[in-house]
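Below: the structure, in structure tokens.
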Amino acid sequence: MGYVAVKGGTRAIEESIKRLKYERVCQGQAVEVGQIEAGLRGLVDQVMSESSLYNEKLASLAIKQAEGNPEEAVFLLRAFRSTLPRKHYSQVIESNEMKVERRISASFKDIPGGQILGATTDYTHRLLDFGLLSESNQQVQEWLHRFQEECHIEQDSTSSPLTLPKVLDYLRSEGLIPPCECKNDEPDDVTRESLEFPSSRSQRLQILTRGQTGAVTSLAYAVIRGYGALHPTVGELRVGKLPVYISHPYEEGDEEDGYYIGDVKVTEVEMLMPVTVEKEYGKKEMEFEIGYGICYGQNETKAIGMSILDNCLENPHLGYPSHDEEFVLYHIDSVESTGFISHLKMPHYVTFQSKLDSVRKTKKQDEEAKEKQEVKS
Amino acid sequence: MNTAYNFAFFDEGSKREIRRATLKAIAIPGYQVPFASREMPIGRGWGTGGLQLTLSLIGKTDVLKVIDQGSDESVNAVNIKKLVRDTTGVEITELTREATLIQSRHRIPEVPLNKDQILILQVPIPEPLRFYEPQESVTKKHHAEKEYSGAWLMLFEQIIKYGSMTTGADHPVMVHDRYVMAPSPIPRFDNPKMNHSEALILLGAGREKKVYAIPPYTKVVSLDFHDYPFEPETFQDKQCRLCGSTGVFFDELVDETTGGTVYQCNDTSYCIETLNSVEALGGVK
């Protein structure tokens, strides 16, 4: 009688969990967490970003436990995150302090500091590399050795961690985009206080950055393909490490006295959206608006998608769901969407019985009405 | 007991925040209080709202009962109990009257609850007006202005189309003459049990991040019209095939040997208790 089972649910669950473990290990090999951390950078980054928890080791553990299923891995990490007390808040991070590993601009060819391709799959041919089938640790280490020697020869003494001016600052100095004020208010924390509408920008950015990669990408794609009013250009995309500092918890002190606690690797995107603004006497002028995207790790599609959605939500438009904050913010979270979709697998016997009663009642009334008519005629 | 985690899973700060939201909910019967719902180790949509309430309230001396669609042994109920037991070590029971905390999905137990008990219902969609208004910012305004014509209209349209109200579970109720509230998808059969309930009833929606409450002895009325009164599901002339009870909510089953329809108590603990007492009296079987 189904899985609500009058009795026996407990044992069934135990056996099911055993079976799940069997599926994970049935080929007789234990995947090492270290291997996941070393070789599955893209997945580790995605999972950390969607979980909003920056820890490569825990993300790798979650991936192992979830057999590589990102939605399950994110779920594990988020649930773990719920148990962590909030001990410190970091100082405000200025993103121009990023130690840049990759940075490009699609708007300007000659940007101060130059375009740096860094590591990207953008220019690889997507041909399966069958050589990787037999790649050995020894081969990898030899290659690494040669690579480091090459770097050593080319490196001059001045090129220690690279910080670069922002492309957008250049545009501001040229007067092409209006200057913007620094807004260092305490951000609202969506994990401590639930979202209410109209939302604040800090709430929107938080929810976007922890959104499911696929969902963020799809909604942003819809915007630029036709269900939205945007034609953006990448002002600047950069990947690199941001240093994180915390202030002394008890002593009031200068920001300079903060403690460095480590780096987080992020992808940051500043997107330019041309808009027409009406000036005095109905005169129209073109200006640029900015969309902002940032996420943990290297996940460029998501960061770009986020920057598009950020701008959409700054400019509500009733005609497009992608410009509707409730539509976007309520539906892009991985744990929430997959949770509610999967709850449909739970028994709904009582609710269904209740609906059945209503359906029968309307049928009965129908029949009674027909009988009455027949009697009359 | 799993000591790698805090007592009752959460850190104390999180529990306190949830309890504060709960206190506000009790102070404003039927009003949905937003809270910073945490991600739980069970699925969003699988009872995380109820679970967060349970974990924020539970103490070492509590006795917990968890039911899912009437059953103590349903896989999800078992799973929730296991998590709470692993992180608290509290006593678990199936007997309704023994429990101090009862977490339930979609049923209110048949055994009447008393003032020393708290019933925690899991809620999928806390907003009774969501059916006709998708925007949260708009429904919030409707509640503030007590603008409930849409809810009445929804029922009116059902009567026009089908000749009667066709709500299944989750038939909307008016709480304390002020807020229209989703009672969670309990069958209409259970709606009257909310009215002047001796036990405190808390409702938690984890994914939607809302907590609301019906304090003891609060007036709870199912929405209806004078000429089309509210009607619970009817099980007239039906009897439980196991314990012989009547006048309770039944599961409808197909007897595999005869192919006929048979009925059985949906509340499994009530059914077993009735069976035991019949046997103790040396009664019929």
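In the structure tokens, chains take the letters A, B, ... in the order shown, each chain's residues start at 1, and ligands count up from 1 in the order shown.
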
For the interface of chain B with chain A (cut-off 8 Å, counting only C-alpha atoms), please tabulate each contacting residue of chain B alongside its nearest pair of atoms and their separation in Å to one decimal, rows sorted by chain and increasing number, as CSV.
```
residue,atom,partner,partner_atom,distance
B:Tyr5,CA,A:Thr83,CA,7.5
B:Asn6,CA,A:Thr83,CA,7.6
B:Phe9,CA,A:Thr83,CA,6.6
B:Phe10,CA,A:Thr83,CA,5.1
B:Asp11,CA,A:Thr83,CA,5.6
B:Gly13,CA,A:Pro85,CA,7.4
B:Pro34,CA,A:Ser194,CA,6.1
B:Phe35,CA,A:Ser194,CA,5.4
B:Ala36,CA,A:Ser194,CA,4.4
B:Ser37,CA,A:Ser194,CA,7.1
B:Arg38,CA,A:Ser82,CA,5.7
B:Glu39,CA,A:Ala79,CA,4.9
B:Met40,CA,A:Ala79,CA,4.8
B:Pro41,CA,A:Ala79,CA,5.1
B:Gly43,CA,A:Gly339,CA,4.9
B:Arg44,CA,A:Gly339,CA,4.2
B:Gly45,CA,A:Phe340,CA,4.6
B:Trp46,CA,A:His343,CA,5.7
B:Gln69,CA,A:Val350,CA,5.8
B:Gly70,CA,A:Val350,CA,7.9
B:Ser71,CA,A:Val4,CA,7.2
B:Glu73,CA,A:Gly9,CA,5.4
B:Ser74,CA,A:Val4,CA,4.3
B:Val75,CA,A:Gly9,CA,5.0
B:Asn76,CA,A:Met346,CA,7.7
B:Val78,CA,A:Thr10,CA,6.1
B:Asn79,CA,A:Ile13,CA,7.9
B:His106,CA,A:Val350,CA,7.1
B:Arg107,CA,A:Val350,CA,7.9
B:Gln135,CA,A:Glu326,CA,6.8
B:Glu136,CA,A:Glu326,CA,7.4
B:Ser137,CA,A:Phe197,CA,5.7
B:Tyr162,CA,A:Thr362,CA,5.9
B:Gly163,CA,A:Thr362,CA,6.6
B:Ser164,CA,A:Thr362,CA,6.8
B:Met165,CA,A:Ser358,CA,7.7
B:Thr166,CA,A:Ser358,CA,5.2
B:Thr167,CA,A:Ser358,CA,6.9
B:Gly168,CA,A:Lys355,CA,4.2
B:Ala169,CA,A:Thr351,CA,5.3
B:Pro185,CA,A:Thr351,CA,6.5
B:Ile186,CA,A:Thr351,CA,7.1
B:Pro187,CA,A:Ser354,CA,5.7
B:Arg188,CA,A:Ser354,CA,7.4
B:Arg207,CA,A:Glu336,CA,6.0
B:Lys209,CA,A:Ser194,CA,6.7
B:Glu233,CA,A:Asp357,CA,6.0
B:Thr234,CA,A:Asp357,CA,7.6
B:Asp251,CA,A:Gln353,CA,7.3
B:Glu252,CA,A:Gln353,CA,7.5
B:Asn266,CA,A:Val350,CA,7.9
B:Thr268,CA,A:Val6,CA,7.3
```

Please produce a file of those selected residues containing N, CA and C atoms, as a compact mmCIF listing (two decimals), in the first residue's frame.
```
# COMPACT_ATOMS: atom_id res chain seq x y z
N TYR B 5 26.75 18.23 16.25
CA TYR B 5 25.90 19.40 16.07
C TYR B 5 25.41 19.88 17.43
N ASN B 6 24.91 21.11 17.44
CA ASN B 6 24.36 21.70 18.65
C ASN B 6 23.11 20.94 19.10
N PHE B 9 20.14 20.93 16.77
CA PHE B 9 20.71 21.30 15.48
C PHE B 9 21.18 22.76 15.37
N PHE B 10 20.30 23.71 15.69
CA PHE B 10 20.63 25.12 15.49
C PHE B 10 21.59 25.67 16.55
N ASP B 11 22.25 26.76 16.19
CA ASP B 11 22.93 27.53 17.22
C ASP B 11 21.86 28.30 18.00
N GLY B 13 21.44 31.35 18.86
CA GLY B 13 20.98 32.60 18.27
C GLY B 13 19.86 32.38 17.27
N PRO B 34 7.10 37.09 8.96
CA PRO B 34 8.28 36.63 8.22
C PRO B 34 9.40 36.25 9.18
N PHE B 35 10.14 35.23 8.87
CA PHE B 35 11.32 34.91 9.68
C PHE B 35 12.42 34.41 8.76
N ALA B 36 13.67 34.49 9.25
CA ALA B 36 14.81 34.12 8.41
C ALA B 36 14.96 32.61 8.43
N SER B 37 14.12 31.96 7.68
CA SER B 37 14.10 30.51 7.63
C SER B 37 15.47 29.96 7.23
N ARG B 38 15.96 29.00 8.02
CA ARG B 38 17.27 28.40 7.73
C ARG B 38 17.12 27.23 6.79
N GLU B 39 18.20 26.93 6.08
CA GLU B 39 18.22 25.68 5.33
C GLU B 39 18.37 24.54 6.32
N MET B 40 17.61 23.51 6.11
CA MET B 40 17.62 22.38 7.03
C MET B 40 18.20 21.16 6.35
N PRO B 41 18.54 20.14 7.16
CA PRO B 41 19.08 18.93 6.51
C PRO B 41 18.02 18.09 5.83
N GLY B 43 14.62 18.37 2.92
CA GLY B 43 14.28 19.18 1.77
C GLY B 43 13.40 20.37 2.11
N ARG B 44 13.64 21.50 1.45
CA ARG B 44 12.74 22.65 1.51
C ARG B 44 11.45 22.20 0.85
N GLY B 45 10.35 22.23 1.59
CA GLY B 45 9.11 21.71 1.03
C GLY B 45 8.77 20.37 1.65
N TRP B 46 9.66 19.89 2.51
CA TRP B 46 9.43 18.60 3.17
C TRP B 46 9.19 18.79 4.67
N GLN B 69 0.44 13.10 7.10
CA GLN B 69 -0.83 12.66 6.49
C GLN B 69 -1.50 11.60 7.37
N GLY B 70 -1.43 11.83 8.68
CA GLY B 70 -2.13 10.95 9.62
C GLY B 70 -1.32 9.78 10.13
N SER B 71 -0.16 9.55 9.52
CA SER B 71 0.57 8.34 9.87
C SER B 71 1.86 8.62 10.62
N GLU B 73 4.13 6.43 10.91
CA GLU B 73 5.16 5.58 10.31
C GLU B 73 5.45 5.98 8.87
N SER B 74 4.83 7.03 8.40
CA SER B 74 5.09 7.49 7.04
C SER B 74 6.57 7.84 6.94
N VAL B 75 7.16 7.57 5.78
CA VAL B 75 8.61 7.73 5.66
C VAL B 75 9.11 9.11 6.07
N ASN B 76 8.37 10.15 5.71
CA ASN B 76 8.86 11.48 6.04
C ASN B 76 8.75 11.78 7.53
N VAL B 78 8.98 9.56 9.89
CA VAL B 78 10.07 8.78 10.48
C VAL B 78 11.38 9.55 10.35
N ASN B 79 11.57 10.11 9.19
CA ASN B 79 12.80 10.83 8.90
C ASN B 79 12.97 12.06 9.79
N HIS B 106 -0.55 18.02 7.45
CA HIS B 106 -1.87 17.87 6.83
C HIS B 106 -2.90 17.10 7.65
N ARG B 107 -2.75 16.96 8.93
CA ARG B 107 -3.81 16.39 9.76
C ARG B 107 -3.73 16.99 11.16
N GLN B 135 1.53 38.18 -6.38
CA GLN B 135 2.53 39.08 -5.79
C GLN B 135 2.40 39.24 -4.28
N GLU B 136 3.49 38.96 -3.60
CA GLU B 136 3.54 39.07 -2.15
C GLU B 136 3.27 40.50 -1.68
N SER B 137 3.84 41.47 -2.40
CA SER B 137 3.67 42.86 -1.96
C SER B 137 2.20 43.27 -2.00
N TYR B 162 -19.66 25.04 -10.22
CA TYR B 162 -19.85 23.62 -9.89
C TYR B 162 -21.04 23.35 -8.97
N GLY B 163 -21.70 24.39 -8.52
CA GLY B 163 -22.85 24.17 -7.65
C GLY B 163 -22.50 24.04 -6.19
N SER B 164 -21.21 24.00 -5.87
CA SER B 164 -20.83 23.99 -4.46
C SER B 164 -19.38 24.46 -4.35
N MET B 165 -18.94 24.72 -3.12
CA MET B 165 -17.54 25.08 -2.95
C MET B 165 -16.69 23.84 -3.21
N THR B 166 -15.64 23.99 -3.98
CA THR B 166 -14.85 22.80 -4.35
C THR B 166 -13.45 22.84 -3.77
N THR B 167 -13.27 23.60 -2.69
CA THR B 167 -11.96 23.56 -2.06
C THR B 167 -11.72 22.15 -1.54
N GLY B 168 -10.51 21.67 -1.65
CA GLY B 168 -10.18 20.37 -1.08
C GLY B 168 -9.67 20.61 0.32
N ALA B 169 -8.41 20.26 0.53
CA ALA B 169 -7.79 20.62 1.79
C ALA B 169 -7.45 22.11 1.73
N PRO B 185 -2.70 22.46 4.38
CA PRO B 185 -3.63 21.53 3.69
C PRO B 185 -4.19 20.42 4.59
N ILE B 186 -4.80 20.81 5.71
CA ILE B 186 -5.57 19.82 6.48
C ILE B 186 -6.89 19.65 5.75
N PRO B 187 -7.50 18.47 5.83
CA PRO B 187 -8.80 18.32 5.19
C PRO B 187 -9.83 19.24 5.85
N ARG B 188 -10.89 19.57 5.14
CA ARG B 188 -11.93 20.43 5.73
C ARG B 188 -12.46 19.81 7.02
N ARG B 207 10.07 27.20 3.33
CA ARG B 207 10.49 27.73 2.05
C ARG B 207 9.96 29.14 1.86
N LYS B 209 9.19 31.09 4.31
CA LYS B 209 9.75 31.89 5.41
C LYS B 209 8.70 32.64 6.22
N GLU B 233 -15.61 17.04 4.58
CA GLU B 233 -15.75 15.79 3.83
C GLU B 233 -16.71 14.88 4.59
N THR B 234 -17.52 14.14 3.86
CA THR B 234 -18.47 13.26 4.56
C THR B 234 -18.05 11.81 4.41
N ASP B 251 -9.01 6.88 5.19
CA ASP B 251 -8.32 6.62 3.92
C ASP B 251 -9.22 5.68 3.13
N GLU B 252 -9.32 5.92 1.84
CA GLU B 252 -10.14 5.07 1.00
C GLU B 252 -9.21 4.09 0.31
N ASN B 266 -7.53 7.23 8.99
CA ASN B 266 -6.32 7.87 8.47
C ASN B 266 -5.32 8.08 9.61
N THR B 268 -3.37 6.76 12.17
CA THR B 268 -2.98 5.37 12.48
C THR B 268 -2.85 5.13 13.98
```

*Once DSSP has gone over the backbone, tell me which residues of segment 12-163 of chain B are in alpha helix (DSSP H), as a VMD selection string.*
chain B and resid 12 to 27 48 to 57 75 to 88 136 to 144 149 to 162

*So which one's closest to Thr22 of chain B, B:Gly244, B:Gly260, B:Pro215, B:Pro126? Using only C-alpha atoms, please.*
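When distances to Thr22 of chain B are compared using only C-alpha atoms, the smallest one comes from B:Pro215.
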
*DSSP-assigned strand (DSSP E or B) among segment 101-188 of chain B, expressed as a list in words*: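 Checking each residue of segment 101-188 of chain B, the strand (DSSP E or B) ones are Leu101, Ile102, Gln103, Ser104, Arg105, Ile118, Leu119, Ile120, Leu121, Gln122, Val173, Met174, Val175, Tyr179, Val180 and Met181 of chain B.
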
With C-alpha atoms retained, could you export that selection as a JSON list (two decimals), in the first residue's frame?
```
[["chain", "number", "residue", "atom", "x", "y", "z"],
["B", 101, "LEU", "CA", 4.96, 18.63, 20.93],
["B", 102, "ILE", "CA", 3.16, 17.27, 17.90],
["B", 103, "GLN", "CA", 4.51, 18.08, 14.46],
["B", 104, "SER", "CA", 2.08, 17.19, 11.74],
["B", 105, "ARG", "CA", 1.70, 17.40, 8.02],
["B", 118, "ILE", "CA", 1.54, 22.36, 21.09],
["B", 119, "LEU", "CA", 0.52, 21.35, 17.60],
["B", 120, "ILE", "CA", 2.96, 22.36, 14.86],
["B", 121, "LEU", "CA", 1.65, 22.18, 11.33],
["B", 122, "GLN", "CA", 3.86, 22.10, 8.23],
["B", 173, "VAL", "CA", -10.47, 30.32, 7.60],
["B", 174, "MET", "CA", -11.11, 33.64, 9.31],
["B", 175, "VAL", "CA", -9.10, 33.95, 12.51],
["B", 179, "TYR", "CA", -7.09, 37.66, 9.31],
["B", 180, "VAL", "CA", -7.98, 35.20, 6.57],
["B", 181, "MET", "CA", -5.56, 32.33, 7.01]]
```

Near-segment 182-185 of chain A list (12 Å; only C-alpha atoms; drop same-chain fewer than 3 positions) as an mmCIF file with N, CA and C atoms, in the first residue's frame:
```cif
data_model
loop_
_atom_site.group_PDB
_atom_site.id
_atom_site.type_symbol
_atom_site.label_atom_id
_atom_site.label_comp_id
_atom_site.auth_asym_id
_atom_site.auth_seq_id
_atom_site.Cartn_x
_atom_site.Cartn_y
_atom_site.Cartn_z
ATOM 1 N N GLN A 91 35.535 43.548 7.124
ATOM 2 C CA GLN A 91 35.524 44.949 6.705
ATOM 3 C C GLN A 91 35.010 45.018 5.268
ATOM 4 N N VAL A 92 34.596 46.198 4.868
ATOM 5 C CA VAL A 92 34.154 46.364 3.485
ATOM 6 C C VAL A 92 35.327 46.050 2.552
ATOM 7 N N ILE A 93 35.043 45.250 1.517
ATOM 8 C CA ILE A 93 36.098 44.896 0.573
ATOM 9 C C ILE A 93 35.964 45.780 -0.664
ATOM 10 N N GLU A 94 37.016 46.461 -0.988
ATOM 11 C CA GLU A 94 37.012 47.245 -2.226
ATOM 12 C C GLU A 94 37.491 46.327 -3.336
ATOM 13 N N PRO A 179 29.202 59.728 -12.144
ATOM 14 C CA PRO A 179 29.922 59.224 -10.974
ATOM 15 C C PRO A 179 28.928 58.628 -9.978
ATOM 16 N N ASP A 188 21.613 44.530 4.309
ATOM 17 C CA ASP A 188 20.635 43.620 4.919
ATOM 18 C C ASP A 188 21.134 42.204 4.674
ATOM 19 N N ASP A 189 20.947 41.351 5.651
ATOM 20 C CA ASP A 189 21.434 39.982 5.515
ATOM 21 C C ASP A 189 20.231 39.053 5.319
ATOM 22 N N SER A 200 15.677 45.661 -0.900
ATOM 23 C CA SER A 200 16.804 46.583 -1.011
ATOM 24 C C SER A 200 17.814 45.982 -1.987
ATOM 25 N N ARG A 201 18.697 46.819 -2.499
ATOM 26 C CA ARG A 201 19.665 46.321 -3.485
ATOM 27 C C ARG A 201 20.576 45.270 -2.859
ATOM 28 N N SER A 202 20.954 45.471 -1.599
ATOM 29 C CA SER A 202 21.855 44.491 -0.986
ATOM 30 C C SER A 202 21.157 43.128 -0.880
#
```
